[in-house]
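Asks: The structure under discussion is supplied below as structure tokens; questions concerning it will follow.
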Amino acid sequence: MGAESNIKAALDKLYDEVHQANMFPFWATTTEVAHDEIRQLMASPKALPYVWRYRDQIGPLLERSAELVSMSDSERRSLILVNPGLAPRRASVTTMYTAYRLNDPNEVMPPHRHSPNAIRFGLTGHQNFTGVEGEDIVFGPGDMVLTPHDTWHNHGNKGDEPAVNLSVLDLPLVETLNAIYFEHDYKEQEGGREISRAEQTARFDPDYSKHVYGRGGLMARFVGHDRGTGAASPMYVYRWEPMREFLEAYKDHEGDPYEALKIEYIDPSNGEPVFKTMTFFAQMLRPGEKTLPLKQTASLLVSPFEGPAGHSVIDGERHDWAQFDTLAVPGGTWCQHVNDSQQPIVLFVASDEPALKKLGLFKRWGRNAQGDTLRLD
């Protein structure tokens with residue numbers, strides 16, 4: 001007993017000195033050992049499946065914020081969805097966050113730019129506004145607007161009614177890579193000098209994205225396609241009507257057993273995702289449709305946009321959702337979506353799939369109707 005006691009005391013002293021030196025011991029591999037390093041490594045914070053509810057939580061809080069926080073107090077009025085498994089980190093899943101923004105009538109914030117990529121997706125109001133690199137975009141429900149990294153942009157509302165949109169950013173990923181920056185000192189060349197301005201001068205017509213990129217299979221050679229940094233889609237607004245018409249045209253198609261009818265937003269100049277870090281989809285669940293369980297290394301943020309309430313089953317646990325909610329589906333979880341109604345449901349989905357593919361880490365598995373696990377990708 002004396003020898004064992006001496007060894008234990010020596011090990012405890014060793015572990016104390018290792019931790020005090022800001023190091024981590026990695027050698028014990030069994031649960032019988034007091035310092036089970038494998039278990040400790042696997043116990044690091046992880047995103048949890050979670051639903052943020054728009055009608056009961058997000059909407060009322062946004063309305064109260066509009067009463068109490070003016071544009072003179074802050075240039076933005078947004079609620080970031082923080083995953084309870086990652087709090088206090090600003091992340092809805094490990095690599096992305098969703099934020100909801102309310103703009104009062106006729107308020108527009110000054111231009112800024114930053115390293116994270118972002119999109120805006122219209123929920124309410126038909127006069128949401130985003131100016132991106134000289135293209136002034138007014139958008140409504142279902143329209144998706146890109147603000148690629150390092151592009152000057154500003155947000156607001158050109159209408160006489162409040163407008164709400166949701167944003168998805170890859171900020172948690174960029175933050176992990178220690179590449180975060182924000183800039184607010186917007187300037188333009190005027191008379192040979194740089195002049196600070198509170199609003200961008202429009203350099204393109206308001207429907208430039210539609211006119212140049214809104215014809216599938218046709219590519220203009222008389223304009224450049226390297227807008228911004230050239231590292232994202234040059235099409236800055238994706239209108240809801242063409243997407244909805246596409247889904248409707250195939251509503252009777254067999255679809256995919258794991259993903260139903262799912263259409264990806266792509267860069268029209270090369271067929272790639274709109275960003276190198278994130279991609280986006282519209283996904284239709286037909287009346288009574290239930291997808292088969294799917295597991296993937298990619299994390300998802302799912303926002304029901306059109307149709308009645310439904311639910312998803314993640315790792316055996318049911319999560320109910322309704323219009324404008326957001327559901328976090330962490331990578332590595334089994335997930336299936338269910339439409340219990342007799343109406344179609346359309347989901348807006350964000351995924352970090354492109355980043356994982358670039359790193360060779362994207363994988364998918366599915367379970368068939370018999371419960372067998374199949375490797376899909």
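Chain lettering (A, B, ...) mirrors the order of the structure tokens, residue numbering begins at 1 for each chain separately, and ligand numbering begins at 1 in order of display.
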Can you build me a table of stretch 201-275 of chain A residues sitting at most 8 Å from stretch 136-145 of chain A, with the closest atom pair per residue and its distance in Å to one decimal, using only C-alpha atoms, sorted by chain and residue number, as CSV?
Replies:
residue,atom,partner,partner_atom,distance
A:Ala202,CA,A:Asp136,CA,6.4
A:Phe204,CA,A:Asp136,CA,7.7
A:Asp205,CA,A:Asp136,CA,7.5
A:Pro206,CA,A:Asp136,CA,5.2
A:Asp207,CA,A:Ile137,CA,7.5
A:Tyr236,CA,A:Val145,CA,5.6
A:Val237,CA,A:Val145,CA,4.4
A:Tyr238,CA,A:Met144,CA,5.1
A:Arg239,CA,A:Asp143,CA,4.5
A:Trp240,CA,A:Gly142,CA,4.8
Asks: Just the selected residues (all heavy atoms), exported as a short mmCIF file (atom, residue, chain, number, x, y, z; two decimals), in the first residue's frame, please.
Replies:
data_model
loop_
_atom_site.label_atom_id
_atom_site.label_comp_id
_atom_site.auth_asym_id
_atom_site.auth_seq_id
_atom_site.Cartn_x
_atom_site.Cartn_y
_atom_site.Cartn_z
N ALA A 202 -24.42 54.81 -55.07
CA ALA A 202 -24.81 53.68 -55.91
C ALA A 202 -23.98 53.70 -57.20
O ALA A 202 -23.89 54.72 -57.88
CB ALA A 202 -26.29 53.74 -56.23
N PHE A 204 -24.22 50.71 -59.29
CA PHE A 204 -24.91 49.74 -60.14
C PHE A 204 -26.41 50.02 -60.04
O PHE A 204 -26.88 50.59 -59.06
CB PHE A 204 -24.63 48.31 -59.68
CG PHE A 204 -23.18 47.93 -59.69
CD1 PHE A 204 -22.38 48.14 -58.57
CD2 PHE A 204 -22.60 47.37 -60.82
CE1 PHE A 204 -21.05 47.79 -58.57
CE2 PHE A 204 -21.26 47.01 -60.83
CZ PHE A 204 -20.48 47.22 -59.71
N ASP A 205 -27.17 49.58 -61.05
CA ASP A 205 -28.61 49.75 -60.95
C ASP A 205 -29.15 48.80 -59.88
O ASP A 205 -28.54 47.78 -59.58
CB ASP A 205 -29.27 49.51 -62.31
CG ASP A 205 -29.34 48.05 -62.71
OD1 ASP A 205 -30.23 47.35 -62.20
OD2 ASP A 205 -28.49 47.62 -63.52
N PRO A 206 -30.30 49.13 -59.28
CA PRO A 206 -30.81 48.34 -58.14
C PRO A 206 -31.09 46.87 -58.48
O PRO A 206 -31.10 46.04 -57.57
CB PRO A 206 -32.10 49.07 -57.78
CG PRO A 206 -31.93 50.45 -58.30
CD PRO A 206 -31.12 50.31 -59.53
N ASP A 207 -31.32 46.53 -59.73
CA ASP A 207 -31.58 45.15 -60.11
C ASP A 207 -30.40 44.53 -60.86
O ASP A 207 -30.58 43.62 -61.68
CB ASP A 207 -32.83 45.07 -60.99
CG ASP A 207 -34.10 45.33 -60.20
OD1 ASP A 207 -34.19 44.82 -59.06
OD2 ASP A 207 -34.98 46.03 -60.70
N TYR A 236 -25.58 39.25 -55.64
CA TYR A 236 -25.74 39.67 -54.25
C TYR A 236 -27.15 39.51 -53.70
O TYR A 236 -27.35 39.61 -52.48
CB TYR A 236 -25.30 41.12 -54.08
CG TYR A 236 -23.79 41.32 -54.12
CD1 TYR A 236 -23.25 42.59 -54.26
CD2 TYR A 236 -22.92 40.23 -54.00
CE1 TYR A 236 -21.87 42.78 -54.28
CE2 TYR A 236 -21.55 40.42 -54.04
CZ TYR A 236 -21.02 41.70 -54.18
OH TYR A 236 -19.66 41.88 -54.21
N VAL A 237 -28.15 39.27 -54.56
CA VAL A 237 -29.51 39.05 -54.06
C VAL A 237 -30.14 37.89 -54.82
O VAL A 237 -30.06 37.82 -56.05
CB VAL A 237 -30.37 40.33 -54.15
CG1 VAL A 237 -30.45 40.85 -55.58
CG2 VAL A 237 -31.77 40.07 -53.59
N TYR A 238 -30.75 36.98 -54.07
CA TYR A 238 -31.45 35.82 -54.62
C TYR A 238 -32.92 35.97 -54.23
O TYR A 238 -33.27 35.89 -53.06
CB TYR A 238 -30.87 34.52 -54.03
CG TYR A 238 -29.45 34.24 -54.46
CD1 TYR A 238 -28.39 34.97 -53.95
CD2 TYR A 238 -29.18 33.25 -55.40
CE1 TYR A 238 -27.08 34.72 -54.35
CE2 TYR A 238 -27.88 32.98 -55.80
CZ TYR A 238 -26.84 33.72 -55.28
OH TYR A 238 -25.54 33.47 -55.67
N ARG A 239 -33.76 36.21 -55.25
CA ARG A 239 -35.16 36.48 -54.99
C ARG A 239 -35.93 35.19 -54.69
O ARG A 239 -35.59 34.11 -55.18
CB ARG A 239 -35.80 37.19 -56.19
CG ARG A 239 -35.17 38.54 -56.51
CD ARG A 239 -35.39 39.54 -55.39
NE ARG A 239 -34.81 40.86 -55.71
CZ ARG A 239 -34.80 41.90 -54.89
NH1 ARG A 239 -35.36 41.78 -53.68
NH2 ARG A 239 -34.25 43.04 -55.23
N TRP A 240 -36.98 35.32 -53.86
CA TRP A 240 -37.74 34.17 -53.42
C TRP A 240 -38.60 33.57 -54.54
O TRP A 240 -38.76 32.34 -54.61
CB TRP A 240 -38.63 34.56 -52.25
CG TRP A 240 -39.46 33.41 -51.73
CD1 TRP A 240 -40.82 33.32 -51.72
CD2 TRP A 240 -38.97 32.20 -51.14
NE1 TRP A 240 -41.22 32.13 -51.17
CE2 TRP A 240 -40.09 31.42 -50.80
CE3 TRP A 240 -37.70 31.70 -50.87
CZ2 TRP A 240 -39.99 30.17 -50.20
CZ3 TRP A 240 -37.59 30.45 -50.26
CH2 TRP A 240 -38.72 29.70 -49.95
#
Asks: Can you list, as JSON, numbers by chain, every residue of stretch 224-354 of chain A that DSSP puts in strand (DSSP E or B)?
Replies: {"A": [237, 238, 256, 260, 261, 262, 263, 264, 266, 273, 279, 280, 281, 282, 283, 284, 285, 290, 294, 295, 296, 300, 301, 302, 303, 304, 305, 306, 310, 311, 312, 313, 314, 317, 318, 319, 320, 321, 326, 327, 328, 329, 334, 335, 336, 337, 338, 345, 346, 347, 348, 349, 350, 351]}
Asks: Using only C-alpha atoms, which protein or nucleic acid residues come within 12 Å of A:Arg318? Drop anything in the same chain fewer than 5 positions from it, and give the result as a count of residues only.
Replies: 13
Asks: Rounded to one decimal, what separation in Å do you get between atom CA of A:Ser115 and atom CA of A:Phe182?
Replies: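 Those two atoms sit 6.8 Å apart.
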Asks: Per DSSP on the backbone, filter stretch 134-313 of chain A down to the residues in alpha helix (DSSP H) and report them as a short mmCIF file (atom, residue, chain, number, x, y, z; two decimals) with all heavy atoms, in the first residue's frame.
Replies:
data_model
loop_
_atom_site.label_atom_id
_atom_site.label_comp_id
_atom_site.auth_asym_id
_atom_site.auth_seq_id
_atom_site.Cartn_x
_atom_site.Cartn_y
_atom_site.Cartn_z
N LEU A 171 -19.16 34.06 -38.29
CA LEU A 171 -18.30 34.72 -37.30
C LEU A 171 -17.66 33.75 -36.31
O LEU A 171 -16.46 33.89 -36.00
CB LEU A 171 -19.08 35.81 -36.58
CG LEU A 171 -18.28 36.70 -35.63
CD1 LEU A 171 -18.81 38.12 -35.64
CD2 LEU A 171 -18.29 36.17 -34.20
N PRO A 172 -18.37 32.75 -35.77
CA PRO A 172 -17.70 31.84 -34.81
C PRO A 172 -16.50 31.12 -35.43
O PRO A 172 -15.49 30.92 -34.76
CB PRO A 172 -18.80 30.85 -34.43
CG PRO A 172 -20.07 31.60 -34.65
CD PRO A 172 -19.82 32.45 -35.85
N LEU A 173 -16.60 30.74 -36.71
CA LEU A 173 -15.47 30.10 -37.39
C LEU A 173 -14.32 31.09 -37.57
O LEU A 173 -13.16 30.77 -37.27
CB LEU A 173 -15.92 29.56 -38.74
CG LEU A 173 -14.81 28.99 -39.63
CD1 LEU A 173 -14.12 27.81 -38.98
CD2 LEU A 173 -15.38 28.60 -41.00
N VAL A 174 -14.65 32.29 -38.05
CA VAL A 174 -13.60 33.30 -38.28
C VAL A 174 -12.95 33.69 -36.96
O VAL A 174 -11.73 33.92 -36.88
CB VAL A 174 -14.20 34.52 -38.98
CG1 VAL A 174 -13.14 35.59 -39.21
CG2 VAL A 174 -14.82 34.11 -40.32
N GLU A 175 -13.76 33.76 -35.90
CA GLU A 175 -13.24 34.09 -34.57
C GLU A 175 -12.27 33.00 -34.10
O GLU A 175 -11.21 33.30 -33.53
CB GLU A 175 -14.40 34.24 -33.60
CG GLU A 175 -14.05 34.85 -32.27
CD GLU A 175 -15.29 35.14 -31.46
OE1 GLU A 175 -16.17 34.25 -31.36
OE2 GLU A 175 -15.41 36.26 -30.95
N THR A 176 -12.63 31.74 -34.32
CA THR A 176 -11.75 30.63 -33.94
C THR A 176 -10.41 30.72 -34.67
O THR A 176 -9.36 30.38 -34.10
CB THR A 176 -12.43 29.28 -34.25
OG1 THR A 176 -13.63 29.19 -33.47
CG2 THR A 176 -11.52 28.11 -33.92
N TYR A 208 -29.18 44.99 -60.56
CA TYR A 208 -28.00 44.49 -61.27
C TYR A 208 -27.86 42.98 -61.13
O TYR A 208 -27.62 42.26 -62.11
CB TYR A 208 -26.75 45.19 -60.72
CG TYR A 208 -25.47 44.76 -61.41
CD1 TYR A 208 -25.05 45.38 -62.58
CD2 TYR A 208 -24.67 43.74 -60.89
CE1 TYR A 208 -23.87 44.99 -63.22
CE2 TYR A 208 -23.51 43.34 -61.52
CZ TYR A 208 -23.11 43.98 -62.68
OH TYR A 208 -21.95 43.58 -63.30
N SER A 209 -28.01 42.47 -59.92
CA SER A 209 -27.86 41.02 -59.71
C SER A 209 -28.85 40.24 -60.56
O SER A 209 -28.50 39.22 -61.17
CB SER A 209 -28.05 40.67 -58.23
OG SER A 209 -26.95 41.11 -57.46
N LYS A 210 -30.08 40.69 -60.62
CA LYS A 210 -31.10 40.00 -61.41
C LYS A 210 -30.79 40.11 -62.90
O LYS A 210 -30.87 39.11 -63.64
CB LYS A 210 -32.48 40.61 -61.12
CG LYS A 210 -33.59 40.04 -61.98
CD LYS A 210 -34.91 40.73 -61.69
CE LYS A 210 -36.01 40.21 -62.62
NZ LYS A 210 -37.31 40.90 -62.36
N HIS A 211 -30.44 41.30 -63.38
CA HIS A 211 -30.22 41.50 -64.80
C HIS A 211 -29.02 40.72 -65.32
O HIS A 211 -29.05 40.16 -66.43
CB HIS A 211 -30.02 42.99 -65.10
CG HIS A 211 -31.26 43.80 -64.87
ND1 HIS A 211 -31.25 45.16 -64.65
CD2 HIS A 211 -32.58 43.44 -64.81
CE1 HIS A 211 -32.49 45.60 -64.48
NE2 HIS A 211 -33.30 44.57 -64.56
N VAL A 212 -27.94 40.65 -64.54
CA VAL A 212 -26.71 40.00 -65.01
C VAL A 212 -26.70 38.51 -64.72
O VAL A 212 -26.19 37.70 -65.51
CB VAL A 212 -25.47 40.68 -64.39
CG1 VAL A 212 -24.19 39.95 -64.78
CG2 VAL A 212 -25.39 42.14 -64.83
N TYR A 213 -27.28 38.10 -63.57
CA TYR A 213 -27.14 36.70 -63.14
C TYR A 213 -28.47 35.94 -63.05
O TYR A 213 -28.48 34.78 -62.68
CB TYR A 213 -26.45 36.65 -61.78
CG TYR A 213 -25.06 37.23 -61.81
CD1 TYR A 213 -24.80 38.47 -61.23
CD2 TYR A 213 -24.02 36.55 -62.43
CE1 TYR A 213 -23.53 39.01 -61.26
CE2 TYR A 213 -22.75 37.09 -62.47
CZ TYR A 213 -22.50 38.32 -61.89
OH TYR A 213 -21.25 38.85 -61.93
N TRP A 240 -36.98 35.32 -53.86
CA TRP A 240 -37.74 34.17 -53.42
C TRP A 240 -38.60 33.57 -54.54
O TRP A 240 -38.76 32.34 -54.61
CB TRP A 240 -38.63 34.56 -52.25
CG TRP A 240 -39.46 33.41 -51.73
CD1 TRP A 240 -40.82 33.32 -51.72
CD2 TRP A 240 -38.97 32.20 -51.14
NE1 TRP A 240 -41.22 32.13 -51.17
CE2 TRP A 240 -40.09 31.42 -50.80
CE3 TRP A 240 -37.70 31.70 -50.87
CZ2 TRP A 240 -39.99 30.17 -50.20
CZ3 TRP A 240 -37.59 30.45 -50.26
CH2 TRP A 240 -38.72 29.70 -49.95
N GLU A 241 -39.15 34.39 -55.42
CA GLU A 241 -40.10 33.88 -56.41
C GLU A 241 -39.51 32.77 -57.28
O GLU A 241 -40.16 31.72 -57.45
CB GLU A 241 -40.62 35.03 -57.28
CG GLU A 241 -41.57 35.98 -56.58
CD GLU A 241 -40.86 36.97 -55.69
OE1 GLU A 241 -39.61 37.03 -55.73
OE2 GLU A 241 -41.55 37.70 -54.94
N PRO A 242 -38.31 32.92 -57.86
CA PRO A 242 -37.76 31.83 -58.67
C PRO A 242 -37.52 30.56 -57.87
O PRO A 242 -37.76 29.45 -58.37
CB PRO A 242 -36.45 32.41 -59.22
CG PRO A 242 -36.60 33.88 -59.12
CD PRO A 242 -37.45 34.12 -57.92
N MET A 243 -37.06 30.71 -56.63
CA MET A 243 -36.84 29.53 -55.79
C MET A 243 -38.16 28.82 -55.51
O MET A 243 -38.27 27.59 -55.62
CB MET A 243 -36.17 29.94 -54.48
CG MET A 243 -36.03 28.81 -53.46
SD MET A 243 -34.99 27.44 -54.03
CE MET A 243 -33.35 28.14 -53.68
N ARG A 244 -39.19 29.60 -55.16
CA ARG A 244 -40.48 28.99 -54.83
C ARG A 244 -41.10 28.32 -56.06
O ARG A 244 -41.72 27.25 -55.95
CB ARG A 244 -41.42 30.06 -54.26
CG ARG A 244 -42.71 29.48 -53.66
CD ARG A 244 -42.37 28.57 -52.50
NE ARG A 244 -43.55 27.93 -51.92
CZ ARG A 244 -44.11 26.82 -52.37
NH1 ARG A 244 -43.60 26.23 -53.47
NH2 ARG A 244 -45.15 26.29 -51.79
N GLU A 245 -40.93 28.94 -57.22
CA GLU A 245 -41.45 28.34 -58.46
C GLU A 245 -40.73 27.03 -58.77
O GLU A 245 -41.35 26.07 -59.24
CB GLU A 245 -41.28 29.32 -59.62
CG GLU A 245 -42.21 30.53 -59.53
CD GLU A 245 -41.89 31.58 -60.58
OE1 GLU A 245 -40.98 31.33 -61.41
OE2 GLU A 245 -42.54 32.64 -60.57
N PHE A 246 -39.43 26.98 -58.53
CA PHE A 246 -38.64 25.77 -58.75
C PHE A 246 -39.16 24.64 -57.86
O PHE A 246 -39.39 23.51 -58.32
CB PHE A 246 -37.17 26.08 -58.45
CG PHE A 246 -36.18 25.08 -58.99
CD1 PHE A 246 -34.82 25.39 -58.99
CD2 PHE A 246 -36.56 23.85 -59.49
CE1 PHE A 246 -33.89 24.48 -59.47
CE2 PHE A 246 -35.63 22.94 -59.97
CZ PHE A 246 -34.30 23.25 -59.97
N LEU A 247 -39.35 24.94 -56.59
CA LEU A 247 -39.86 23.93 -55.66
C LEU A 247 -41.26 23.45 -56.09
O LEU A 247 -41.56 22.26 -56.07
CB LEU A 247 -39.92 24.49 -54.25
CG LEU A 247 -38.57 24.71 -53.54
CD1 LEU A 247 -38.77 25.56 -52.29
CD2 LEU A 247 -37.91 23.38 -53.17
N GLU A 248 -42.10 24.40 -56.46
CA GLU A 248 -43.47 24.05 -56.84
C GLU A 248 -43.50 23.17 -58.08
O GLU A 248 -44.31 22.23 -58.18
CB GLU A 248 -44.27 25.33 -57.09
CG GLU A 248 -45.75 25.12 -57.31
CD GLU A 248 -46.49 24.62 -56.08
OE1 GLU A 248 -45.96 24.79 -54.96
OE2 GLU A 248 -47.59 24.05 -56.25
N ALA A 249 -42.60 23.44 -59.01
CA ALA A 249 -42.56 22.65 -60.25
C ALA A 249 -42.23 21.18 -59.99
O ALA A 249 -42.60 20.31 -60.78
CB ALA A 249 -41.55 23.25 -61.23
#
Asks: Let me make sure I understand: among A:Gly255, A:Ala118, A:Glu317, A:Asp185, which one has the smallest atom-to-atom distance to A:Lys276 if we use only C-alpha atoms?
Replies: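 Checking each candidate against A:Lys276, we get A:Ala118 as the closest.
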Asks: For a quick check of understanding, using only C-alpha atoms, which of A:Asp56, A:Ala179, A:Ser167, A:Asn368 has the smallest distance to A:Phe280?
Replies: A:Ser167
Asks: Which residue, A:Pro344, A:Pro273, A:Gly331, A:Pro110, has the smallest gap to A:Arg364 when you use only C-alpha atoms?
Replies: A:Gly331
Asks: Restricting the calculation to only C-alpha atoms: of A:Gln57, A:Thr277, A:Asn117, A:Thr297, which residue gets closest to A:Thr229?
Replies: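 Looking at the shortest contact to A:Thr229, the residue is A:Asn117.
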Asks: A:Gln200, A:Ser65, A:Gln189, A:Thr333: which is nearest A:Pro293, counting only C-alpha atoms?
Replies: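 With only C-alpha atoms as the atom set, the closest residue is A:Thr333.
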Asks: Which residues are close to stretch 88-104 of chain A, i.e. within 7 Å by only C-alpha atoms, leaving aside same-chain residues fewer than 3 positions away? Reply as a list of chain:residue names.
Replies: A:Ala47, A:Leu62, A:Arg77, A:Ser78, A:Leu79, A:Ile80, A:Leu81, A:Val82, A:Asn83, A:Glu107, A:Gly156, A:Asn157, A:Glu161, A:Pro162, A:Ala163, A:Val164, A:Asn165, A:Leu166, A:Ser167, A:Val168, A:Leu169, A:Asp170, A:Leu171, A:Pro172, A:Leu173, A:Ser299, A:Ala328, A:Pro330, A:Asp352
Asks: Would you mind listing what lies within 12 Å of A:Leu376 as an NGL selection string, with only C-alpha atoms counted and same-chain residues fewer than 3 positions away left out?
Replies: :A and (257-258 or 293-297 or 362-368 or 373)
Asks: What does the distance between atom CA of A:His184 and atom CA of A:Arg227 come to in Å, to one decimal place?
Replies: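 So the answer is 19.8 Å.
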Asks: With distances taken over only C-alpha atoms, which residue among A:Pro304, A:Pro354, A:Gly159, A:Pro268 lies nearest A:Ala282?
Replies: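 Using only C-alpha atoms, A:Ala282 sits closest to A:Pro304.
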